[in-house]
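File shown here: start17.csv, holding CSV, C-alpha atoms and all ligand atoms.
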```
chain,number,residue,atom,x,y,z
A,34,MET,CA,-19.8,9.9,-30.8
A,35,PRO,CA,-17.4,8.4,-28.3
A,36,ASN,CA,-17.4,10.1,-24.9
A,37,SER,CA,-14.3,11.8,-23.7
A,38,THR,CA,-13.4,9.0,-21.3
A,39,ASN,CA,-13.4,6.5,-24.1
A,40,THR,CA,-11.5,8.8,-26.4
A,41,HIS,CA,-8.9,9.2,-23.7
A,42,ALA,CA,-8.8,5.4,-23.0
A,43,ASN,CA,-8.4,4.8,-26.8
A,44,SER,CA,-5.6,7.2,-27.1
A,45,VAL,CA,-3.8,5.8,-24.0
A,46,THR,CA,-4.1,2.3,-25.5
A,47,ASN,CA,-2.9,3.5,-28.9
A,48,THR,CA,0.1,5.2,-27.3
A,49,ILE,CA,0.9,2.1,-25.3
A,50,ALA,CA,0.5,-0.1,-28.3
A,51,SER,CA,2.6,2.0,-30.6
A,52,SER,CA,5.4,2.6,-28.1
A,53,VAL,CA,5.4,-1.1,-27.2
A,54,ASN,CA,5.3,-2.0,-30.9
A,55,SER,CA,8.2,0.1,-31.8
A,56,ASP,CA,10.2,-1.1,-28.9
A,57,LEU,CA,9.2,-4.6,-29.6
A,58,GLN,CA,10.1,-4.3,-33.2
A,59,GLU,CA,13.5,-2.9,-32.2
A,60,THR,CA,14.0,-5.8,-29.9
A,61,LEU,CA,12.9,-8.3,-32.4
A,62,HIS,CA,14.7,-6.7,-35.3
A,63,ASP,CA,17.7,-6.4,-33.1
A,64,THR,CA,20.7,-5.9,-35.3
A,65,LEU,CA,20.0,-5.6,-39.0
A,66,HIS,CA,22.5,-8.2,-40.0
A,67,GLU,CA,20.7,-10.7,-37.8
A,68,ASN,CA,17.3,-9.8,-39.2
A,69,LEU,CA,16.8,-10.4,-42.9
A,70,GLN,CA,13.8,-9.5,-45.0
A,71,ASP,CA,11.4,-12.4,-45.7
A,72,THR,CA,12.2,-13.5,-49.3
A,73,LEU,CA,11.5,-17.2,-48.8
A,74,PHE,CA,8.9,-17.4,-51.5
A,75,ASP,CA,10.0,-14.8,-54.0
A,76,LYS,CA,11.2,-17.4,-56.6
A,77,PRO,CA,8.9,-19.8,-58.5
A,78,PHE,CA,8.8,-23.5,-57.4
A,79,THR,CA,10.9,-25.1,-60.1
A,80,THR,CA,11.0,-28.8,-59.3
A,81,PRO,CA,8.3,-31.3,-58.1
A,82,LEU,CA,10.3,-31.6,-54.8
A,83,ASP,CA,10.3,-27.9,-54.4
A,84,LYS,CA,6.5,-27.9,-54.8
A,85,ALA,CA,6.2,-30.6,-52.2
A,86,SER,CA,8.5,-29.0,-49.7
A,87,ARG,CA,6.5,-28.1,-46.6
A,88,PHE,CA,7.0,-25.0,-44.5
A,89,SER,CA,9.3,-25.7,-41.6
A,90,PHE,CA,10.7,-23.6,-38.8
A,91,ASP,CA,14.4,-24.0,-39.9
A,92,GLU,CA,17.4,-21.6,-39.9
A,93,GLN,CA,16.1,-20.0,-43.1
A,94,VAL,CA,12.8,-19.1,-41.5
A,95,VAL,CA,14.4,-18.0,-38.3
A,96,ALA,CA,16.7,-15.5,-40.1
A,97,CYS,CA,13.7,-13.6,-41.5
A,98,PHE,CA,11.1,-14.4,-38.8
A,99,PRO,CA,10.5,-11.0,-37.3
A,100,ASP,CA,10.0,-9.4,-40.7
A,101,MET,CA,7.8,-12.3,-41.8
A,102,ILE,CA,5.5,-12.3,-38.7
A,103,ARG,CA,5.1,-8.5,-38.7
A,104,ARG,CA,4.2,-8.4,-42.4
A,105,SER,CA,2.0,-11.4,-42.5
A,106,VAL,CA,0.1,-11.5,-39.2
A,107,PRO,CA,-2.5,-8.6,-38.8
A,108,GLY,CA,-2.5,-7.3,-35.3
A,109,TYR,CA,0.6,-9.2,-34.1
A,110,GLY,CA,2.1,-6.1,-32.4
A,111,GLN,CA,-1.3,-5.2,-30.8
A,112,VAL,CA,-1.8,-8.6,-29.3
A,113,LEU,CA,1.7,-8.7,-27.9
A,114,SER,CA,1.4,-5.2,-26.4
A,115,MET,CA,-1.7,-6.3,-24.4
A,116,LEU,CA,0.0,-9.3,-22.9
A,117,PRO,CA,1.6,-7.6,-19.9
A,118,ILE,CA,-1.6,-5.5,-19.4
A,119,ILE,CA,-3.7,-8.7,-19.2
A,120,ALA,CA,-1.0,-10.5,-17.2
A,121,ARG,CA,-0.9,-7.9,-14.5
A,122,ARG,CA,-4.6,-8.6,-13.7
A,123,HIS,CA,-4.2,-12.3,-13.4
A,124,CYS,CA,-0.8,-12.9,-11.9
A,125,GLN,CA,-1.0,-13.8,-8.3
A,126,TYR,CA,2.7,-14.3,-7.1
A,127,ARG,CA,1.9,-17.7,-5.6
A,128,GLN,CA,4.7,-19.8,-7.1
A,129,LEU,CA,8.1,-20.2,-5.5
A,130,ASN,CA,11.2,-19.8,-7.6
A,131,GLU,CA,14.4,-21.7,-6.9
A,132,HIS,CA,15.4,-19.1,-4.2
A,133,GLY,CA,12.1,-19.6,-2.4
A,134,GLN,CA,10.8,-16.2,-3.5
A,135,LYS,CA,7.2,-15.8,-4.5
A,136,VAL,CA,6.8,-15.1,-8.2
A,137,SER,CA,4.2,-15.5,-10.9
A,138,ARG,CA,4.9,-18.2,-13.5
A,139,ILE,CA,4.0,-17.8,-17.1
A,140,TYR,CA,4.3,-20.2,-20.0
A,141,ASP,CA,5.0,-19.1,-23.6
A,142,LEU,CA,4.1,-22.2,-25.7
A,143,GLY,CA,5.5,-22.1,-29.2
A,144,CYS,CA,7.7,-19.1,-28.3
A,145,SER,CA,9.6,-18.8,-31.6
A,146,LEU,CA,12.1,-16.0,-31.0
A,147,GLY,CA,10.5,-15.0,-27.7
A,148,GLY,CA,8.3,-12.2,-28.9
A,149,ALA,CA,5.6,-12.8,-26.4
A,150,THR,CA,8.0,-13.4,-23.6
A,151,MET,CA,9.9,-10.2,-24.3
A,152,ALA,CA,6.6,-8.3,-24.6
A,153,LEU,CA,5.7,-9.5,-21.0
A,154,LEU,CA,8.9,-7.9,-19.8
A,155,ASN,CA,8.6,-4.6,-21.7
A,156,GLU,CA,9.2,-1.7,-19.2
A,157,GLN,CA,7.2,0.7,-21.3
A,158,ALA,CA,4.0,-1.4,-21.0
A,159,ASN,CA,4.3,-2.1,-17.2
A,160,GLY,CA,6.1,-5.4,-18.0
A,161,PHE,CA,7.4,-7.6,-15.2
A,162,ALA,CA,10.6,-6.8,-13.2
A,163,GLU,CA,13.2,-9.5,-12.6
A,164,ASN,CA,12.0,-10.5,-9.2
A,165,GLU,CA,8.3,-10.7,-10.1
A,166,VAL,CA,8.1,-13.4,-12.7
A,167,GLN,CA,9.4,-16.7,-14.0
A,168,ILE,CA,8.8,-17.5,-17.7
A,169,LYS,CA,9.1,-20.8,-19.4
A,170,ALA,CA,9.4,-20.3,-23.2
A,171,ILE,CA,9.1,-23.5,-25.2
A,172,ASP,CA,9.5,-24.3,-28.9
A,173,ILE,CA,10.1,-27.5,-30.8
A,174,SER,CA,12.5,-25.9,-33.3
A,175,PRO,CA,16.1,-25.8,-32.1
A,176,ALA,CA,16.9,-23.0,-34.6
A,177,MET,CA,14.2,-20.9,-32.9
A,178,THR,CA,15.2,-21.6,-29.3
A,179,GLU,CA,18.9,-21.0,-30.0
A,180,LYS,CA,18.1,-17.5,-31.3
A,181,ALA,CA,15.5,-16.9,-28.6
A,182,THR,CA,18.0,-17.7,-25.9
A,183,HIS,CA,20.5,-15.3,-27.4
A,184,LEU,CA,18.0,-12.5,-27.8
A,185,ILE,CA,16.5,-12.9,-24.3
A,186,ALA,CA,19.9,-13.1,-22.6
A,187,LYS,CA,20.9,-10.0,-24.5
A,188,HIS,CA,17.9,-7.9,-23.6
A,189,TYR,CA,16.8,-9.3,-20.3
A,190,PRO,CA,19.9,-10.9,-18.7
A,191,LYS,CA,18.7,-10.7,-15.1
A,192,HIS,CA,15.2,-12.1,-15.6
A,193,ASP,CA,14.3,-15.7,-14.7
A,194,ILE,CA,13.5,-17.0,-18.2
A,195,GLU,CA,14.1,-20.6,-19.3
A,196,VAL,CA,14.0,-21.3,-23.0
A,197,ILE,CA,13.3,-25.0,-23.6
A,198,THR,CA,13.5,-27.0,-26.8
A,199,ALA,CA,10.6,-29.4,-26.6
A,200,ASP,CA,7.3,-30.5,-28.1
A,201,ILE,CA,4.6,-28.6,-26.1
A,202,CYS,CA,2.3,-31.7,-26.4
A,203,LYS,CA,4.8,-33.8,-24.5
A,204,VAL,CA,6.3,-31.4,-22.0
A,205,ALA,CA,5.0,-31.2,-18.4
A,206,ILE,CA,3.5,-27.8,-17.3
A,207,GLN,CA,4.0,-26.7,-13.7
A,208,PRO,CA,1.4,-24.7,-11.8
A,209,CYS,CA,1.2,-21.3,-13.4
A,210,ASP,CA,-0.7,-18.0,-13.6
A,211,MET,CA,-0.9,-17.5,-17.3
A,212,ILE,CA,-0.2,-19.5,-20.5
A,213,VAL,CA,0.3,-17.8,-23.9
A,214,ILE,CA,-0.2,-19.9,-27.0
A,215,ASN,CA,0.3,-17.3,-29.7
A,216,LEU,CA,-0.2,-18.6,-33.3
A,217,THR,CA,1.0,-22.1,-32.4
A,218,LEU,CA,-2.0,-24.4,-31.8
A,219,GLN,CA,-2.7,-24.1,-35.5
A,220,PHE,CA,0.5,-26.0,-36.2
A,221,LEU,CA,-0.3,-29.0,-34.0
A,222,PRO,CA,-2.1,-32.1,-35.3
A,223,VAL,CA,-5.8,-31.4,-34.8
A,224,GLU,CA,-6.2,-34.5,-32.6
A,225,GLN,CA,-3.6,-33.3,-30.2
A,226,ARG,CA,-5.1,-29.9,-29.6
A,227,LEU,CA,-7.7,-30.8,-26.9
A,228,ALA,CA,-5.2,-32.8,-24.8
A,229,LEU,CA,-2.8,-29.8,-24.8
A,230,LEU,CA,-5.6,-27.4,-23.7
A,231,LYS,CA,-6.6,-29.9,-20.9
A,232,LYS,CA,-3.0,-29.9,-19.7
A,233,CYS,CA,-3.0,-26.1,-19.7
A,234,HIS,CA,-6.3,-26.0,-17.7
A,235,ASN,CA,-4.9,-28.4,-15.1
A,236,ALA,CA,-1.7,-26.3,-14.7
A,237,LEU,CA,-3.4,-22.9,-14.3
A,238,VAL,CA,-4.1,-21.7,-10.8
A,239,GLN,CA,-7.7,-20.6,-10.0
A,240,GLY,CA,-8.0,-17.1,-11.5
A,241,GLY,CA,-5.3,-17.8,-14.1
A,242,VAL,CA,-5.8,-17.3,-17.9
A,243,LEU,CA,-4.9,-18.8,-21.2
A,244,ILE,CA,-4.4,-16.5,-24.1
A,245,LEU,CA,-4.9,-18.2,-27.4
A,246,THR,CA,-4.2,-16.4,-30.7
A,247,GLU,CA,-5.0,-18.2,-34.0
A,248,LYS,CA,-5.6,-17.8,-37.7
A,249,THR,CA,-9.1,-19.1,-38.4
A,250,HIS,CA,-11.6,-19.8,-41.2
A,251,LEU,CA,-15.3,-19.3,-41.6
A,252,ASN,CA,-17.7,-22.1,-42.5
A,253,ASN,CA,-19.6,-19.8,-44.8
A,254,GLU,CA,-17.7,-20.1,-48.1
A,255,GLN,CA,-18.6,-16.7,-49.4
A,256,ASP,CA,-17.7,-14.8,-46.2
A,257,ASP,CA,-14.5,-16.9,-45.9
A,258,ALA,CA,-13.4,-16.1,-49.5
A,259,TRP,CA,-14.0,-12.4,-48.9
A,260,ARG,CA,-11.9,-12.4,-45.7
A,261,VAL,CA,-9.1,-14.5,-47.2
A,262,GLU,CA,-8.9,-12.1,-50.2
A,263,ARG,CA,-8.7,-9.1,-47.9
A,264,TYR,CA,-6.0,-10.9,-45.9
A,265,TYR,CA,-4.0,-11.3,-49.2
A,266,ASP,CA,-4.6,-7.6,-49.9
A,267,PHE,CA,-3.1,-7.0,-46.4
A,268,LYS,CA,-0.1,-9.0,-47.4
A,269,ARG,CA,0.2,-7.2,-50.8
A,270,ALA,CA,0.0,-3.9,-49.0
A,271,ASN,CA,2.9,-5.1,-46.8
A,272,GLY,CA,5.0,-5.7,-49.9
A,273,TYR,CA,4.5,-9.4,-50.7
A,274,SER,CA,4.2,-10.3,-54.4
A,275,GLU,CA,1.6,-12.7,-55.9
A,276,LEU,CA,4.3,-15.3,-56.2
A,277,GLU,CA,5.3,-15.0,-52.5
A,278,ILE,CA,1.6,-15.1,-51.4
A,279,SER,CA,0.8,-18.2,-53.5
A,280,GLY,CA,4.2,-19.9,-52.6
A,281,LYS,CA,3.5,-19.5,-48.9
A,282,ARG,CA,0.0,-20.7,-49.3
A,283,THR,CA,1.2,-23.9,-51.0
A,284,ALA,CA,3.9,-24.4,-48.4
A,285,LEU,CA,1.5,-24.1,-45.5
A,286,GLU,CA,-1.1,-26.5,-46.9
A,287,ASN,CA,-1.6,-29.4,-44.4
A,288,VAL,CA,0.9,-27.7,-42.0
A,289,LEU,CA,-1.2,-24.8,-40.7
A,290,ILE,CA,-4.7,-26.2,-40.1
A,291,THR,CA,-7.2,-23.6,-39.0
A,292,ASP,CA,-10.3,-24.1,-36.9
A,293,THR,CA,-13.3,-21.8,-36.8
A,294,LEU,CA,-13.7,-19.4,-33.9
A,295,GLU,CA,-16.7,-21.5,-32.6
A,296,ALA,CA,-14.6,-24.6,-32.7
A,297,HIS,CA,-11.9,-22.9,-30.5
A,298,HIS,CA,-14.5,-21.8,-27.9
A,299,GLN,CA,-16.0,-25.3,-27.9
A,300,ARG,CA,-12.6,-27.0,-27.4
A,301,LEU,CA,-11.7,-24.6,-24.6
A,302,ALA,CA,-15.0,-25.5,-22.9
A,303,MET,CA,-14.3,-29.3,-23.4
A,304,ALA,CA,-10.8,-28.7,-21.9
A,305,GLY,CA,-12.5,-27.5,-18.7
A,306,PHE,CA,-12.5,-23.7,-19.1
A,307,GLU,CA,-15.8,-22.4,-17.7
A,308,ARG,CA,-15.6,-19.2,-19.7
A,309,SER,CA,-13.8,-18.0,-22.8
A,310,MET,CA,-14.1,-14.8,-24.7
A,311,THR,CA,-12.8,-13.3,-28.0
A,312,TRP,CA,-10.9,-10.2,-27.0
A,313,PHE,CA,-9.2,-9.3,-30.3
A,314,GLN,CA,-9.9,-9.7,-34.0
A,315,PHE,CA,-8.1,-8.4,-37.1
A,316,LEU,CA,-9.5,-10.1,-40.4
A,317,ASN,CA,-9.0,-13.9,-40.0
A,318,PHE,CA,-6.9,-13.7,-36.9
A,319,TYR,CA,-8.4,-13.8,-33.4
A,320,SER,CA,-7.1,-13.8,-29.9
A,321,LEU,CA,-9.2,-15.5,-27.1
A,322,VAL,CA,-8.9,-15.4,-23.4
A,323,ALA,CA,-10.0,-18.5,-21.4
A,324,PHE,CA,-10.5,-18.1,-17.6
A,325,LYS,CA,-10.0,-20.7,-14.9
B,1,LIG,C1,5.3,-15.3,-31.3
B,1,LIG,N1,4.4,-17.4,-30.4
B,1,LIG,O1,6.2,-14.7,-31.8
B,1,LIG,N2,5.9,-27.8,-29.8
B,1,LIG,C2,6.5,-26.6,-29.7
B,1,LIG,N3,6.5,-25.6,-30.6
B,1,LIG,C3,5.9,-25.9,-31.8
B,1,LIG,C4,5.3,-27.1,-32.1
B,1,LIG,C5,5.2,-28.1,-31.0
B,1,LIG,N4,4.6,-29.2,-31.2
B,1,LIG,N5,4.8,-27.0,-33.3
B,1,LIG,C6,5.1,-25.8,-33.8
B,1,LIG,N6,5.8,-25.1,-32.9
B,1,LIG,C7,5.3,-16.8,-31.4
B,1,LIG,C8,4.9,-17.2,-32.8
B,1,LIG,S1,5.1,-19.2,-34.7
B,1,LIG,C9,3.8,-18.7,-35.6
B,1,LIG,C10,4.7,-18.6,-33.1
B,1,LIG,C11,4.0,-18.6,-37.1
B,1,LIG,C12,6.4,-23.8,-33.0
B,1,LIG,C13,7.2,-23.5,-34.3
B,1,LIG,O2,8.5,-24.1,-34.2
B,1,LIG,C14,7.2,-22.0,-34.4
B,1,LIG,O3,8.3,-21.4,-33.8
B,1,LIG,C15,5.9,-21.6,-33.6
B,1,LIG,O4,5.4,-22.9,-33.1
B,1,LIG,C16,4.8,-20.9,-34.5
B,1,LIG,O5,4.4,-14.8,-30.5
B,1,LIG,O6,5.2,-18.8,-37.5
B,1,LIG,O7,3.0,-18.3,-37.8
```

Can you dump the structure from the file as structure tokens?
Ligand code: GEK
Amino acid sequence: MPNSTNTHANSVTNTIASSVNSDLQETLHDTLHENLQDTLFDKPFTTPLDKASRFSFDEQVVACFPDMIRRSVPGYGQVLSMLPIIARRHCQYRQLNEHGQKVSRIYDLGCSLGGATMALLNEQANGFAENEVQIKAIDISPAMTEKATHLIAKHYPKHDIEVITADICKVAIQPCDMIVINLTLQFLPVEQRLALLKKCHNALVQGGVLILTEKTHLNNEQDDAWRVERYYDFKRANGYSELEISGKRTALENVLITDTLEAHHQRLAMAGFERSMTWFQFLNFYSLVAFK
């Protein structure tokens, strides 16, 4: 039996999570005409070229991205809703903005439409006010950053947010308090992952944290098969057809390359993080926190 304190804590967390989720979904879904339903893989591949076409973050994906990520990433809203809560414990207001004011600096690497960035600013979850934080949101896809710029300017016009179109492996990272890599390391070439994490470790201030959320696999084939099947059940329950599930799987082959949870912790240690911890799991998706 949970004790009353825990029950209270759980209900508070649930309330925060659900209010943040609905607000976040509103923000991300924005106006209906801008947010289409994900029907990218609802037609059979008809030509050999079709079959070979890889998943890419182009205008088509951007148009239905909020719907796609909500229906295909278990726990997406929960992870985002915890970001400001975690950030509040690690932000130290030691960086100077261009007006010489002390702020905390946060990076959102692989920001897509700015979901993590906007979650960090969400008033209902004690998100950051305009004068408290500077966020650098970076994505390699111009279609993503164009829409992220529009959404952030619309919802948080006074905050100091810079949306940058760049490869996160090549961009310089300034000293900062927190770095969020939400569902993005998995899209980088495996051999570039360690160098990025080392760069993050170097940039973080002492006491800063890296939040790393990833889809993963298990080395045990039987366990992995069970978890993958339940993940497809999760997608079925969210309205995806067999054709859409298999179409997306084919498109992501060799594009989204998962690691095991252990490999992530080992890589974080090799990058210089003394301590890392798994703070969230939902099926094959994990979120880790690495401490400097
Ligand atoms: C969210 N974090 O909503 N440099 C920069 N961006 C990249 C690179 C790269 N080398 N490679 C891929 N991307 C977001 C969700 S989505 C996850 C992240 C998903 C970008 C790519 O353009 C895409 O926008 C993002 O990584 C991955 O919290 O679609 O499953």

What is the distance, in Å and to one decimal place, between CA of Ile185 in chain A and CA of Gly147 in chain A?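 It comes out at 7.2 Å.
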
Within 9 Å of ligand LIG 1 (chain B), which residues show up when you count all atoms listed in the file? List them as a ChimeraX atom specification, please. /A:89-91,94-95,98-99,101-102,105-106,109,112-113,141-150,171-178,198-204,213-222,246-248,289

Okay, now the selection with C-alpha atoms, as a short mmCIF file (atom, residue, chain, number, x, y, z; two decimals), in the coordinates of the input?
```cif
data_model
loop_
_atom_site.label_atom_id
_atom_site.label_comp_id
_atom_site.auth_asym_id
_atom_site.auth_seq_id
_atom_site.Cartn_x
_atom_site.Cartn_y
_atom_site.Cartn_z
CA SER A 89 9.30 -25.70 -41.60
CA PHE A 90 10.70 -23.60 -38.80
CA ASP A 91 14.40 -24.00 -39.90
CA VAL A 94 12.80 -19.10 -41.50
CA VAL A 95 14.40 -18.00 -38.30
CA PHE A 98 11.10 -14.40 -38.80
CA PRO A 99 10.50 -11.00 -37.30
CA MET A 101 7.80 -12.30 -41.80
CA ILE A 102 5.50 -12.30 -38.70
CA SER A 105 2.00 -11.40 -42.50
CA VAL A 106 0.10 -11.50 -39.20
CA TYR A 109 0.60 -9.20 -34.10
CA VAL A 112 -1.80 -8.60 -29.30
CA LEU A 113 1.70 -8.70 -27.90
CA ASP A 141 5.00 -19.10 -23.60
CA LEU A 142 4.10 -22.20 -25.70
CA GLY A 143 5.50 -22.10 -29.20
CA CYS A 144 7.70 -19.10 -28.30
CA SER A 145 9.60 -18.80 -31.60
CA LEU A 146 12.10 -16.00 -31.00
CA GLY A 147 10.50 -15.00 -27.70
CA GLY A 148 8.30 -12.20 -28.90
CA ALA A 149 5.60 -12.80 -26.40
CA THR A 150 8.00 -13.40 -23.60
CA ILE A 171 9.10 -23.50 -25.20
CA ASP A 172 9.50 -24.30 -28.90
CA ILE A 173 10.10 -27.50 -30.80
CA SER A 174 12.50 -25.90 -33.30
CA PRO A 175 16.10 -25.80 -32.10
CA ALA A 176 16.90 -23.00 -34.60
CA MET A 177 14.20 -20.90 -32.90
CA THR A 178 15.20 -21.60 -29.30
CA THR A 198 13.50 -27.00 -26.80
CA ALA A 199 10.60 -29.40 -26.60
CA ASP A 200 7.30 -30.50 -28.10
CA ILE A 201 4.60 -28.60 -26.10
CA CYS A 202 2.30 -31.70 -26.40
CA LYS A 203 4.80 -33.80 -24.50
CA VAL A 204 6.30 -31.40 -22.00
CA VAL A 213 0.30 -17.80 -23.90
CA ILE A 214 -0.20 -19.90 -27.00
CA ASN A 215 0.30 -17.30 -29.70
CA LEU A 216 -0.20 -18.60 -33.30
CA THR A 217 1.00 -22.10 -32.40
CA LEU A 218 -2.00 -24.40 -31.80
CA GLN A 219 -2.70 -24.10 -35.50
CA PHE A 220 0.50 -26.00 -36.20
CA LEU A 221 -0.30 -29.00 -34.00
CA PRO A 222 -2.10 -32.10 -35.30
CA THR A 246 -4.20 -16.40 -30.70
CA GLU A 247 -5.00 -18.20 -34.00
CA LYS A 248 -5.60 -17.80 -37.70
CA LEU A 289 -1.20 -24.80 -40.70
#
```

Counting all atoms listed in the file, figure out which residue out of A:Asn159, A:Gln70, A:Gln167, A:Ser114 gets nearest to Tyr140 in chain A.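 Comparing A:Asn159, A:Gln70, A:Gln167, A:Ser114 against Tyr140 in chain A, the winner is A:Gln167.
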
What is the distance, in Å and to one decimal place, between CA of Asp257 in chain A and CA of Glu295 in chain A?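 It comes out at 14.2 Å.
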
Tell me which of A:Cys124, A:Leu227, A:Leu129, A:Leu316 sits closest to Ala302 in chain A, counting only C-alpha atoms.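 Comparing A:Cys124, A:Leu227, A:Leu129, A:Leu316 against Ala302 in chain A, the winner is A:Leu227.
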
Taking (-12.5, -23.7, -38.1) in the coordinates of the supplied file, I want to know which residues reach to within 9 Å of it, counting only C-alpha atoms; could you give the answer as a list in words?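 Selection result: Thr249, His250, Leu251, Asn252, Ile290, Thr291, Asp292, Thr293, Leu294, Glu295, Ala296 and His297 of chain A.
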
What is the distance between CA of Gln207 in chain A and CA of His192 in chain A, in Å to one decimal?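 Between CA of Gln207 in chain A and CA of His192 in chain A the gap is 18.5 Å.
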
Point (13.1, -15.1, -19.9) neighbourhood (8 Å, all atoms listed in the file) written as a PDB file with C-alpha atoms, in the frame of the given file:
```
ATOM      1  CA  THR A 150       8.000 -13.400 -23.600  1.00  0.00           C
ATOM      2  CA  MET A 151       9.900 -10.200 -24.300  1.00  0.00           C
ATOM      3  CA  GLN A 167       9.400 -16.700 -14.000  1.00  0.00           C
ATOM      4  CA  ILE A 168       8.800 -17.500 -17.700  1.00  0.00           C
ATOM      5  CA  LYS A 169       9.100 -20.800 -19.400  1.00  0.00           C
ATOM      6  CA  ALA A 170       9.400 -20.300 -23.200  1.00  0.00           C
ATOM      7  CA  ILE A 185      16.500 -12.900 -24.300  1.00  0.00           C
ATOM      8  CA  ALA A 186      19.900 -13.100 -22.600  1.00  0.00           C
ATOM      9  CA  TYR A 189      16.800  -9.300 -20.300  1.00  0.00           C
ATOM     10  CA  HIS A 192      15.200 -12.100 -15.600  1.00  0.00           C
ATOM     11  CA  ASP A 193      14.300 -15.700 -14.700  1.00  0.00           C
ATOM     12  CA  ILE A 194      13.500 -17.000 -18.200  1.00  0.00           C
ATOM     13  CA  GLU A 195      14.100 -20.600 -19.300  1.00  0.00           C
ATOM     14  CA  VAL A 196      14.000 -21.300 -23.000  1.00  0.00           C
TER      15      VAL A 196
END
```

Which residue is closest to Leu230 in chain A? Choose from A:Tyr126, A:Gly108, A:Tyr265, A:Arg300 and count all atoms listed in the file.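 The answer is A:Arg300, which sits nearest to Leu230 in chain A.
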
Best match for closeness to Phe267 in chain A among A:Gln255, A:Ser137, A:Asn235, A:Asn317, counting only C-alpha atoms: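 Residue with the minimum atom-to-atom distance to Phe267 in chain A: A:Asn317.
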
Return the single residue from A:His123, A:Lys135, A:Lys180, A:Arg308 that is closest to Cys97 in chain A, with distances computed using only C-alpha atoms.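 Once distances to Cys97 in chain A are computed over only C-alpha atoms, the minimum belongs to A:Lys180.
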